[in-house]
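Structure data follow from model.txt (compact mmCIF, C-alpha atoms):
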```
# COMPACT_ATOMS: atom_id res chain seq x y z
CA GLN T 916 73.81 30.28 -62.82
CA VAL T 917 76.12 31.44 -65.60
CA ARG T 918 73.27 31.14 -68.11
CA ARG T 919 70.89 33.04 -65.84
CA ASP T 920 73.43 35.81 -65.32
CA PHE T 921 74.09 35.96 -69.04
CA VAL T 922 70.40 36.33 -69.92
CA ALA T 923 69.97 38.94 -67.18
CA ASN T 924 72.93 40.94 -68.48
CA ILE T 925 71.71 40.83 -72.09
CA SER T 926 68.24 41.93 -71.00
CA HIS T 927 69.69 44.86 -69.07
CA GLU T 928 72.09 45.92 -71.83
CA LEU T 929 69.30 45.92 -74.44
CA ARG T 930 66.54 47.38 -72.27
CA THR T 931 68.41 50.60 -71.50
CA PRO T 932 68.97 51.76 -75.11
CA LEU T 933 65.53 50.49 -76.20
CA THR T 934 63.85 52.52 -73.47
CA ALA T 935 65.78 55.63 -74.54
CA ILE T 936 64.95 55.08 -78.22
CA ARG T 937 61.25 54.61 -77.48
CA GLY T 938 61.13 57.76 -75.35
CA TYR T 939 62.75 59.96 -78.00
CA VAL T 940 60.62 58.48 -80.81
CA GLU T 941 57.46 59.23 -78.81
CA ALA T 942 58.65 62.79 -78.24
CA ILE T 943 59.21 63.28 -81.97
CA LEU T 944 55.82 61.78 -82.85
CA GLU T 945 54.08 64.04 -80.36
CA GLY T 946 55.77 67.10 -82.00
CA PRO T 947 55.99 69.61 -83.38
CA LEU T 948 59.58 70.20 -82.27
CA GLU T 949 62.17 72.76 -83.15
CA PRO T 950 64.48 71.40 -85.89
CA THR T 951 67.46 71.57 -83.53
CA HIS T 952 65.63 69.46 -80.93
CA THR T 953 64.58 66.94 -83.58
CA ASN T 954 68.18 66.59 -84.74
CA GLN T 955 69.39 66.15 -81.17
CA PHE T 956 66.81 63.44 -80.53
CA LEU T 957 67.73 61.66 -83.76
CA GLU T 958 71.41 61.76 -82.82
CA VAL T 959 70.60 60.10 -79.49
CA ILE T 960 68.52 57.45 -81.27
CA GLU T 961 71.34 56.83 -83.72
CA ARG T 962 73.87 56.47 -80.88
CA HIS T 963 71.75 53.93 -79.00
CA THR T 964 70.94 52.04 -82.21
CA THR T 965 74.64 51.80 -83.06
CA ARG T 966 75.35 50.50 -79.56
CA MET T 967 72.69 47.79 -79.88
CA GLU T 968 74.01 46.82 -83.30
CA ARG T 969 77.52 46.48 -81.88
CA LEU T 970 76.19 44.47 -78.95
CA VAL T 971 74.33 42.01 -81.18
CA THR T 972 77.36 41.67 -83.49
CA ASP T 973 79.61 40.91 -80.51
CA LEU T 974 77.11 38.41 -79.09
CA LEU T 975 76.91 36.54 -82.39
CA GLN T 976 80.70 36.43 -82.69
CA LEU T 977 81.05 35.13 -79.12
CA ALA T 978 78.42 32.46 -79.85
CA ARG T 979 80.42 31.29 -82.89
CA LEU T 980 83.64 31.27 -80.87
CA ASP T 981 81.98 29.31 -78.05
CA ALA T 982 80.66 26.78 -80.56
CA ARG T 983 84.10 26.57 -82.23
CA GLN T 984 82.52 27.62 -85.52
CA GLU T 985 84.95 30.44 -86.27
CA PRO T 986 87.36 29.45 -89.08
CA LEU T 987 91.05 30.19 -88.52
CA ASN T 988 92.82 31.21 -91.71
CA LEU T 989 96.47 31.59 -90.80
CA THR T 990 98.66 33.74 -93.02
CA ASP T 991 101.80 35.83 -92.68
CA CYS T 992 100.32 39.07 -91.27
CA SER T 993 102.07 42.42 -91.11
CA ILE T 994 101.72 43.78 -87.60
CA LYS T 995 102.64 47.30 -88.73
CA SER T 996 100.04 47.27 -91.50
CA THR T 997 97.34 45.90 -89.18
CA LEU T 998 98.15 48.54 -86.56
CA SER T 999 98.03 51.26 -89.18
CA ASN T 1000 94.59 50.14 -90.33
CA VAL T 1001 93.25 49.95 -86.77
CA THR T 1002 94.59 53.34 -85.71
CA THR T 1003 93.17 54.91 -88.88
CA GLU T 1004 89.73 53.49 -88.06
CA LEU T 1005 89.94 54.76 -84.50
CA SER T 1006 91.54 58.11 -85.30
CA PRO T 1007 88.30 60.10 -84.78
CA VAL T 1008 88.10 58.78 -81.21
CA PHE T 1009 91.80 59.34 -80.55
CA ASN T 1010 91.56 62.88 -81.88
CA LYS T 1011 88.49 63.66 -79.79
CA LYS T 1012 90.37 62.78 -76.61
CA GLN T 1013 93.64 64.21 -77.96
CA GLN T 1014 95.37 60.89 -77.42
CA GLN T 1015 98.24 59.46 -79.39
CA VAL T 1016 99.42 55.94 -80.14
CA ASN T 1017 103.11 55.12 -79.98
CA ALA T 1018 103.97 51.78 -81.61
CA PHE T 1019 107.32 50.04 -81.27
CA VAL T 1020 107.58 47.14 -83.71
CA PRO T 1021 111.11 45.80 -84.39
CA ASP T 1022 111.83 44.93 -88.02
CA ASP T 1023 112.55 41.30 -87.15
CA LEU T 1024 109.11 41.04 -85.48
CA SER T 1025 107.14 42.99 -88.06
CA SER T 1026 105.02 39.99 -89.08
CA ILE T 1027 103.19 37.20 -87.30
CA THR T 1028 101.46 33.98 -88.31
CA ALA T 1029 97.82 34.68 -87.53
CA ASP T 1030 94.33 35.11 -88.93
CA ALA T 1031 94.44 38.63 -90.41
CA GLU T 1032 90.81 39.48 -89.65
CA LYS T 1033 91.01 38.22 -86.07
CA LEU T 1034 94.34 39.96 -85.44
CA HIS T 1035 92.65 43.17 -86.56
CA THR T 1036 89.75 42.55 -84.16
CA ILE T 1037 92.11 41.75 -81.28
CA LEU T 1038 94.13 44.93 -81.72
CA ARG T 1039 91.05 47.08 -82.29
CA ASN T 1040 89.32 45.81 -79.14
CA LEU T 1041 92.45 46.27 -77.04
CA LEU T 1042 92.96 49.80 -78.35
CA GLU T 1043 89.29 50.71 -77.83
CA ASN T 1044 89.61 49.49 -74.26
CA ALA T 1045 92.75 51.60 -73.78
CA ILE T 1046 90.98 54.67 -75.20
CA ARG T 1047 88.07 54.31 -72.78
CA HIS T 1048 90.27 54.01 -69.72
CA SER T 1049 92.94 56.56 -70.61
CA PRO T 1050 92.68 60.27 -69.78
CA GLU T 1051 92.72 62.98 -72.40
CA ASN T 1052 96.09 64.11 -73.76
CA SER T 1053 97.72 60.79 -72.87
CA ALA T 1054 99.71 58.26 -74.87
CA ILE T 1055 98.87 54.62 -75.51
CA GLU T 1056 101.87 52.40 -76.19
CA ILE T 1057 102.07 49.25 -78.29
CA ASN T 1058 105.18 47.10 -77.98
CA VAL T 1059 106.01 43.93 -79.89
CA THR T 1060 108.68 41.66 -78.38
CA SER T 1061 109.61 37.99 -78.43
CA GLU T 1062 109.94 35.57 -75.56
CA GLY T 1063 111.08 32.07 -76.35
CA ASP T 1064 108.89 30.71 -79.14
CA HIS T 1065 106.18 33.33 -78.67
CA THR T 1066 105.56 36.83 -80.02
CA LEU T 1067 104.17 39.23 -77.42
CA LEU T 1068 101.89 42.16 -78.25
CA ARG T 1069 101.57 44.61 -75.37
CA VAL T 1070 99.07 47.46 -75.19
CA SER T 1071 99.72 49.89 -72.33
CA ASP T 1072 97.48 52.70 -71.17
CA ARG T 1073 97.91 55.44 -68.58
CA GLY T 1074 94.51 55.15 -66.98
CA GLU T 1075 93.55 54.52 -63.37
CA GLY T 1076 94.53 50.88 -63.51
CA ILE T 1077 92.45 47.88 -62.48
CA PRO T 1078 91.76 46.97 -58.85
CA GLU T 1079 93.39 43.72 -57.79
CA THR T 1080 89.96 42.25 -57.06
CA ASP T 1081 88.89 42.87 -60.68
CA ILE T 1082 91.97 42.03 -62.70
CA GLU T 1083 91.19 38.30 -62.84
CA ARG T 1084 87.63 38.93 -64.03
CA ILE T 1085 88.02 41.56 -66.72
CA PHE T 1086 87.95 38.94 -69.50
CA GLU T 1087 84.52 37.74 -68.42
CA ARG T 1088 81.69 38.81 -70.71
CA PHE T 1089 79.78 41.85 -69.50
CA TYR T 1090 82.22 42.40 -66.64
CA GLN T 1091 83.13 46.10 -66.55
CA VAL T 1092 85.25 47.77 -63.89
CA ASP T 1093 83.69 51.16 -64.73
CA ARG T 1094 80.33 50.44 -66.36
CA ALA T 1095 79.36 54.10 -66.67
CA ARG T 1096 82.57 55.02 -68.52
CA SER T 1097 82.37 51.99 -70.81
CA LYS T 1098 78.82 52.88 -71.84
CA ARG T 1099 79.73 56.52 -72.38
CA PHE T 1100 82.37 55.53 -74.90
CA GLY T 1101 80.38 52.75 -76.56
CA GLY T 1102 81.69 49.68 -74.72
CA THR T 1103 79.57 46.54 -74.70
CA GLY T 1104 81.41 44.62 -72.00
CA LEU T 1105 82.21 41.87 -74.54
CA GLY T 1106 85.36 43.15 -76.24
CA LEU T 1107 87.90 41.60 -73.87
CA ALA T 1108 85.99 38.30 -73.80
CA ILE T 1109 86.20 38.20 -77.60
CA VAL T 1110 89.92 39.00 -77.46
CA LYS T 1111 90.54 36.17 -75.00
CA HIS T 1112 88.69 33.65 -77.20
CA MET T 1113 90.47 34.78 -80.37
CA VAL T 1114 93.94 34.68 -78.82
CA ALA T 1115 93.22 31.21 -77.42
CA LEU T 1116 92.03 30.12 -80.87
CA HIS T 1117 95.57 30.88 -82.11
CA GLY T 1118 97.05 28.71 -79.35
CA GLY T 1119 98.06 31.74 -77.29
CA LYS T 1120 96.97 33.47 -74.10
CA ILE T 1121 96.33 36.99 -72.81
CA TRP T 1122 96.65 38.59 -69.41
CA ALA T 1123 96.53 42.01 -67.76
CA GLU T 1124 98.73 43.59 -65.11
CA ASP T 1125 99.37 46.96 -63.53
CA ARG T 1126 101.64 49.30 -65.42
CA THR T 1127 104.57 50.86 -63.59
CA GLY T 1128 103.69 54.50 -63.06
CA GLY T 1129 99.95 53.92 -63.40
CA GLY T 1130 97.68 52.29 -65.93
CA THR T 1131 97.26 48.79 -67.25
CA VAL T 1132 99.24 46.56 -69.61
CA PHE T 1133 97.48 43.90 -71.69
CA THR T 1134 99.80 41.25 -73.12
CA ALA T 1135 98.72 38.86 -75.89
CA SER T 1136 101.11 35.98 -76.49
CA PHE T 1137 101.06 34.23 -79.88
CA PRO T 1138 103.09 31.10 -80.75
CA SER T 1139 105.69 31.96 -83.39
CA ASN T 1140 105.18 28.58 -85.05
CA PRO T 1141 101.56 27.53 -84.48
CA SER T 1142 100.86 23.84 -84.05
CA PRO T 1143 99.51 22.14 -87.21
CA ASP T 1144 96.35 21.13 -85.34
CA ILE T 1145 95.08 24.73 -85.34
CA LEU T 1146 95.63 25.30 -89.06
CA THR T 1147 92.10 24.17 -89.86
CA THR T 1148 88.67 25.27 -88.73
CA PRO T 1149 88.34 24.36 -85.03
```

Structure encoded using structure tokens:
Amino acid sequence: QVRRDFVANISHELRTPLTAIRGYVEAILEGPLEPTHTNQFLEVIERHTTRMERLVTDLLQLARLDARQEPLNLTDCSIKSTLSNVTTELSPVFNKKQQQVNAFVPDDLSSITADAEKLHTILRNLLENAIRHSPENSAIEINVTSEGDHTLLRVSDRGEGIPETDIERIFERFYQVDRARSKRFGGTGLGLAIVKHMVALHGGKIWAEDRTGGGTVFTASFPSNPSPDILTTP
């Protein structure tokens, strides 16, 4: 059943942009069109093509994670530097929605033992999710704390929150609480599934909960001293 649902979801997610692309290409070929209309059509084609490219990339990465073929190269990673790189990449989207990111990273927790590339992907996916579900002119908060022998990375948004019936399922691939909003902002429905796999690969775990005052908090917990058995390719 899971396989059938997966194939059905992929078919749906690819059919929609392909249908749009075909329609706009046919309109251009039938021409002639005003230059402004041609540019508009090409922009739509580019947007749908980018979405399909992102979808295929995410699918391939999930397949490697499922097959335990993703290498884990643990190093001493700077959380502040990784956050800076991610926020710089996403700044056009933040600026468009007039959102800001407030990061609170204590000096004694400024680094973490992790795979640098995967830590970047984890933070990027969590921030992209926060952007999609946060209103304009709002703030997204990132807090780094410690609890026992784990380092906790929390990403909090001020969106509408997640219904209790959905909160246990949001890490499932293709599961989207608000499918229309996710598509509008380029979501594939795979980002949180990738995050869950990557955090687990580090020996950690991730969960979501309602934020006091509205919104959602995602917490990723990483072991401060990873077990030696995850220091090699899984």

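For the atom pair formed by atom CA of T:Ser1025 and atom CA of T:Leu1116, the distance is 21.1 Å, given to one decimal.
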
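Pairwise distance (atom CA of T:Thr990, atom CA of T:Ala1108) equals 23.5 Å.
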
- Message: Could you list, as a PyMOL selection string, every residue within 10 Å of stretch 968-975 of chain T, counting all atoms listed in the file and ignoring same-chain residues fewer than 5 positions away?
- Response: chain T and resi 925+928-929+962-963+980-981+1088+1101-1106+1108-1109

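Pairwise distance (atom CA of T:Ile1057, atom CA of T:Leu1038) equals 9.7 Å.
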
- Message: Taking 3 positions as the minimum chain separation for residues in the same chain, which residues sit within 8 Å of T:Asn1052 when counting only C-alpha atoms? Answer as a PyMOL selection string.
- Response: chain T and resi 1012-1015

- Task: In the coordinate frame of the file, compute which residues have an atom within 12 Å of (94.8, 34.6, -61.6) when using all atoms listed in the file, and state them as a list of chain:residue names.
- Result: T:Glu1079, T:Thr1080, T:Asp1081, T:Ile1082, T:Glu1083, T:Arg1084, T:Ile1085, T:Phe1086, T:Ile1121, T:Trp1122, T:Ala1123, T:Glu1124

- Message: From the options T:Phe1089, T:Ala1029, T:Leu1068, T:Thr1134, which residue's atoms come nearest to T:Val922, counting all atoms listed in the file?
- Response: T:Phe1089

- Using all atoms listed in the file, pick whichever of T:Thr1028, T:Ser1053, T:Thr953, T:Ser999 has the shortest atom-to-atom distance to T:Lys1011. T:Ser1053

- Message: Using all atoms listed in the file, list the residues that have an atom at most 7 Å from (61.3, 62.5, -82.6), coordinates as in the file, as a PyMOL selection string.
- Response: chain T and resi 939-944+953+956-957

Output of the above residues as a short mmCIF file (atom, residue, chain, number, x, y, z; two decimals), in the coordinates of the input, restricted to C-alpha atoms:
```cif
data_model
loop_
_atom_site.label_atom_id
_atom_site.label_comp_id
_atom_site.auth_asym_id
_atom_site.auth_seq_id
_atom_site.Cartn_x
_atom_site.Cartn_y
_atom_site.Cartn_z
CA TYR T 939 62.75 59.96 -78.00
CA VAL T 940 60.62 58.48 -80.81
CA GLU T 941 57.46 59.23 -78.81
CA ALA T 942 58.65 62.79 -78.24
CA ILE T 943 59.21 63.28 -81.97
CA LEU T 944 55.82 61.78 -82.85
CA THR T 953 64.58 66.94 -83.58
CA PHE T 956 66.81 63.44 -80.53
CA LEU T 957 67.73 61.66 -83.76
#
```

Name all residues at most 9 Å from T:Leu1024 (count all atoms listed in the file; drop same-chain ones fewer than 6 positions away) and give them as a CSV table (one decimal) with C-alpha atoms, in the frame of the given file.
```
chain,number,residue,atom,x,y,z
T,994,ILE,CA,101.7,43.8,-87.6
T,1059,VAL,CA,106.0,43.9,-79.9
T,1060,THR,CA,108.7,41.7,-78.4
T,1061,SER,CA,109.6,38.0,-78.4
T,1066,THR,CA,105.6,36.8,-80.0
```

- Counting only C-alpha atoms, what is within 10 Å of T:Glu1062, bar same-chain residues fewer than 6 positions away, as a list in words? Ser1136, Phe1137, Pro1138 and Ser1139 of chain T

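Shortest atom-to-atom contact with T:His1065 among T:Pro1141, T:Thr934, T:Leu1042, T:Leu1107: T:Pro1141, counting only C-alpha atoms.
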
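Nearest to T:Glu1051 of all the residues T:Gly1074, T:His1035, T:Asp1030, T:Leu1067 is T:Gly1074, based on all atoms listed in the file.
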
- Query: T:Ile1046, T:Val1070, T:Val1114, T:Met967: which is nearest T:Pro1007, counting all atoms listed in the file?
  - Reply: T:Ile1046
